[in-house]
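Note sheet for the following structure.
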Amino acid sequence: MAGAGAGAGAIAALLRAAHVPPAPRARSIRGLAVARGLPPLVRATAAAIAPSSFCPYLPRLSSARSFSSSTSCSAGASLGGAVSTSPSEQEKQRQQSELIFLGTGTSEGIPRVSCLTNPSKTCTVCTKAAEPGNRNRRRNTSILLRHATPSGTANILIDAGKFFYHSALQWFPAYGLRTIDAVIITHSHADAIGGLDCLRDWTNNVQPTIPIYVAERDYEVMKMTHYYLIDTSVVIPGAAVSALQFNIIKEEPFTVHNLEVIPLPVWHGQGYRSLGFRFGRVCYISDVSDIPKETYKLLEDCELLIMDALRPDRSSSTHFGLPRALEEVRKIKPKKTLFTGMMHLMDHEKVNNELAKLMETEGLDIQLSYDGLRVPVWL
């Protein structure tokens, strides 16, 4: 495919221009419950993701920020421009929800302190990221689904990593968020669970408890990393820690606030299992190095794909790089794709300019996400 080769070559050239050296290869006290599954995942797939006539999102991204029509990475340009048709009658009957990207970066965040303190000042992305409002500024990967139902709105958070407090500090007031009605965990690395202790502000001052949905293997890790949140008998009397209710999930559909959530099992390094999640026709996979064959069936008819893309030139042992991520997009065939989990080699504007060319050459609608991005969805 000539267009594919040209696009990948142009994107890979961004790394060479940056003069970056190669990298080395690298049963709860608070009411533990098992999330009651529907039938096993593979048997449930046909009913759970059967094709339908509705589109689960608006083609235009919205944000509290103002966008210039001349900016190449503006909201309208990044996902195909202005809406040309009104929602269908079926769409209108559904409640409009919203995805909010709380973080789109790596575990260490962007900018790196080491880059900002380097006398040579050779990292242009981190230098840009230090500027207020720059889209290269990225915190730990996380999204919040503001799920609208006839009975009200539920704020469902996916992952609370090391920088969760800073993300919440910026985006919760800006977007009128207050409660956290559930947290779903993808895996048990620090950039996904390091902020669980910060949830004490909510359970002390906003709401009595927060349900956490987590796989058994990751719950076992939390027993070590956050033992005092699991076994609160060790907490000093009078100390106020996060009041969490842990719910064990399996690799089969479960329900959170009347929303069916389908786990998308993937590999995040050799032998390390992580979960993506599907709700409606939106698929979210934040940490992935390989996709098992059986998971592809769960990605069929995906309308909006949000997927890991760490760096422009190659994959690492634990994350897709841009070339592999593009291969997967071509295989999964979503209508629109937003990449997440980018490191400091990914310049937001430059990479987006190259990705925009794929629309012309292959008809692929792909852009990088950014912290604070809001995407309307119908579920």
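Simple scheme: letters A, B, ... for chains in structure tokens order, numbers from 1 for residues in each chain, numbers from 1 for ligands in the order shown.
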### Message
For the structure I just gave you, how does DSSP split region 238-353 of chain A - specifically, which residues are helix (DSSP H, G or I)? Reply as an MDAnalysis selection string.
### Response
chainID A and resid 293:299 322:332 348:353
### Task
Using DSSP on the backbone, list every residue of region 131-227 of chain A that comes out as strand (DSSP E or B), and give them as a PyMOL selection string.
chain A and resi 138+140+142-149+152-158+182-184+210-215
Could you make a table, as a tab-separated table, of the residues of region 250-294 of chain A that have an atom within 12 Å of an atom of region 204-227 of chain A, each with its nearest atom pair and distance in Å to one decimal, counting only C-alpha atoms, in chain and number order?
residue	atom	partner	partner_atom	distance
A:Lys250	CA	A:Ala215	CA	6.0
A:Glu251	CA	A:Ala215	CA	8.2
A:Glu252	CA	A:Ala215	CA	10.8
A:Pro253	CA	A:Tyr213	CA	11.9
A:Phe254	CA	A:Tyr213	CA	9.5
A:Thr255	CA	A:Tyr213	CA	10.1
A:Val256	CA	A:Tyr213	CA	8.8
A:His257	CA	A:Pro211	CA	10.7
A:Val261	CA	A:Tyr213	CA	10.7
A:Pro263	CA	A:Ala215	CA	10.0
A:Pro265	CA	A:Ala215	CA	10.9
A:Tyr272	CA	A:Arg217	CA	10.2
A:Arg273	CA	A:Arg217	CA	9.0
A:Ser274	CA	A:Ala215	CA	9.2
A:Leu275	CA	A:Ala215	CA	8.7
A:Gly276	CA	A:Ala215	CA	11.8
A:Phe277	CA	A:Tyr213	CA	11.8
### Query
At what distance in Å, to one decimal, does CA of Asp371 (chain A) lie from CA of Thr127 (chain A)?
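Distance reported for this atom pair: 16.8 Å.
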### Message
When you count only C-alpha atoms, which of these residues is closest to Ile100 (chain A): A:Lys128, A:His268, A:Arg146, A:Lys162?
### Response
A:Arg146
### Query
Got a sec: who's within 10 Å of Tyr296 (chain A), counting only C-alpha atoms, leaving out chain neighbours fewer than 3 positions off, as a list of chain:residue names?
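Surrounding residues, per the criterion: A:Leu264, A:Pro265, A:Val266, A:Ile291, A:Pro292, A:Lys293, A:Leu299, A:Glu300, A:Glu328, A:Lys331, A:Ile332.
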Quick one: write out the picked residues with N, CA and C atoms as a CSV table (one decimal), in the first residue's frame?
chain,number,residue,atom,x,y,z
A,264,LEU,N,-11.6,-5.8,27.4
A,264,LEU,CA,-10.8,-6.1,26.1
A,264,LEU,C,-9.5,-6.6,26.6
A,265,PRO,N,-9.3,-7.9,26.8
A,265,PRO,CA,-8.0,-8.4,27.3
A,265,PRO,C,-6.9,-8.2,26.3
A,266,VAL,N,-5.7,-7.6,26.7
A,266,VAL,CA,-4.6,-7.4,25.9
A,266,VAL,C,-3.3,-7.7,26.7
A,291,ILE,N,-2.3,-7.7,20.9
A,291,ILE,CA,-3.7,-8.0,21.1
A,291,ILE,C,-4.0,-9.5,20.8
A,292,PRO,N,-4.5,-10.2,21.7
A,292,PRO,CA,-4.8,-11.7,21.5
A,292,PRO,C,-5.8,-11.8,20.4
A,293,LYS,N,-5.7,-12.9,19.7
A,293,LYS,CA,-6.6,-13.2,18.6
A,293,LYS,C,-8.1,-13.1,19.0
A,299,LEU,N,-13.7,-6.3,19.1
A,299,LEU,CA,-13.5,-4.9,18.5
A,299,LEU,C,-14.2,-4.7,17.2
A,300,GLU,N,-15.0,-5.7,16.8
A,300,GLU,CA,-15.8,-5.6,15.6
A,300,GLU,C,-16.8,-4.4,15.7
A,328,GLU,N,-2.7,-1.7,13.5
A,328,GLU,CA,-3.9,-2.2,14.2
A,328,GLU,C,-5.1,-1.5,13.8
A,331,LYS,N,-6.4,-2.9,10.7
A,331,LYS,CA,-6.9,-4.2,10.9
A,331,LYS,C,-8.3,-4.1,11.6
A,332,ILE,N,-8.5,-3.2,12.6
A,332,ILE,CA,-9.7,-3.1,13.3
A,332,ILE,C,-10.7,-2.3,12.5
### Query
Near region 110-121 of chain A, counting only C-alpha atoms, which residues have an atom at most 12 Å away, once you skip same-chain residues fewer than 5 positions from it, shown as a ChimeraX atom specification?
/A:18,103-105,126-132,134-141,163,341-348,370-371
